[in-house]
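These notes concern the structure reproduced below.
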Amino acid sequence: QVQLVESGGGVVQAGGSLRLSCAASGRTFRSYDSAWFRQAPGKEREFVAAVNWSGLNTYYADSVKGRFTISRDNARHTVYLQMNSLRSEDTALYYCAGRAPKTTDVGGRYYTRADEYDSWGQGTQVTVSS
């Protein structure tokens with residue numbers, strides 16, 4: 001497993017932008033698929049966006065498609081989530097997750113369930129005021 005630390009959360013007005021960062025320890029992180037999840041009070045943790053180990057393939061939840069962009073810089077061991085046109089319903093605790101490669105992996109698949117990920121950060125709070 002790797003250690004993950006999120007940063008970049010805060011309070012922003014509706015329509016504004018934030019960029020979240022997820023810093024990982026260990027060079028093995030460059031082989032991990034990564035994702036962002038979020039959890040609002042009283043709700044289950046939900047998938048937001050995923051990026052494969054190389055950064056070439058991304059996948060988004062319908063609720064954020066066209067507004068959020070996930071990316072990674074393997075040289076810096078960091079995954080990013082650029083969030084634009086923020087809405088009040090985006091308010092949540094945002095978590096970074098990492099998934100080590102498995103021998104049973106099938107190429108081209110995206111992982112959107114929380115239980116498919118091995119490593120988690122502590123979360124960073126995003127609050128969007130209307």
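Please note that chains go A, B, ... in the order of the structure tokens, that every chain numbers its residues from 1, and that ligands are numbered from 1 in the order shown.
The residues of stretch 1-121 of chain A that DSSP classifies as helix (DSSP H, G or I), using the backbone of this structure, are Arg27, Thr28, Phe29, Arg30, Ser31, Ser88, Glu89, Asp90, Ala114, Asp115 and Glu116 of chain A.
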For A:Ala97, please output as a ChimeraX atom specification all residues within 12 Å (counting only C-alpha atoms; exclusion window: fewer than 6 positions along the same chain).
/A:1-6,21-24,29,32-38,45-52,78-80,111-123
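Pairwise distance (atom CA of A:Glu89, atom CA of A:Gln13) equals 11.9 Å.
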Near A:Leu20, counting only C-alpha atoms, which residues have an atom at most 6 Å away, once you skip same-chain residues fewer than 6 positions from it, shown as a ChimeraX atom specification?
/A:7-8,80-81
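The coordinates place atom CA of A:Ala61 at 14.7 Å from atom CA of A:Tyr95.
Taking only C-alpha atoms into account, A:Val12 lies nearest to A:Leu86 out of the set A:Leu86, A:Val106, A:Leu93, A:Leu56.
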May I have all residues of chain A that DSSP, computed from the backbone, assigns to strand (DSSP E), given as an MDAnalysis selection string?
chainID A and resid 4:7 10:13 18:24 33:39 46:51 58:60 68:73 78:83 92:99 119:120 124:129
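Comparing A:Thr127, A:Gln82, A:Ser63, A:Thr91 by their smallest distance to A:Leu18, the closest is A:Gln82 (using only C-alpha atoms).
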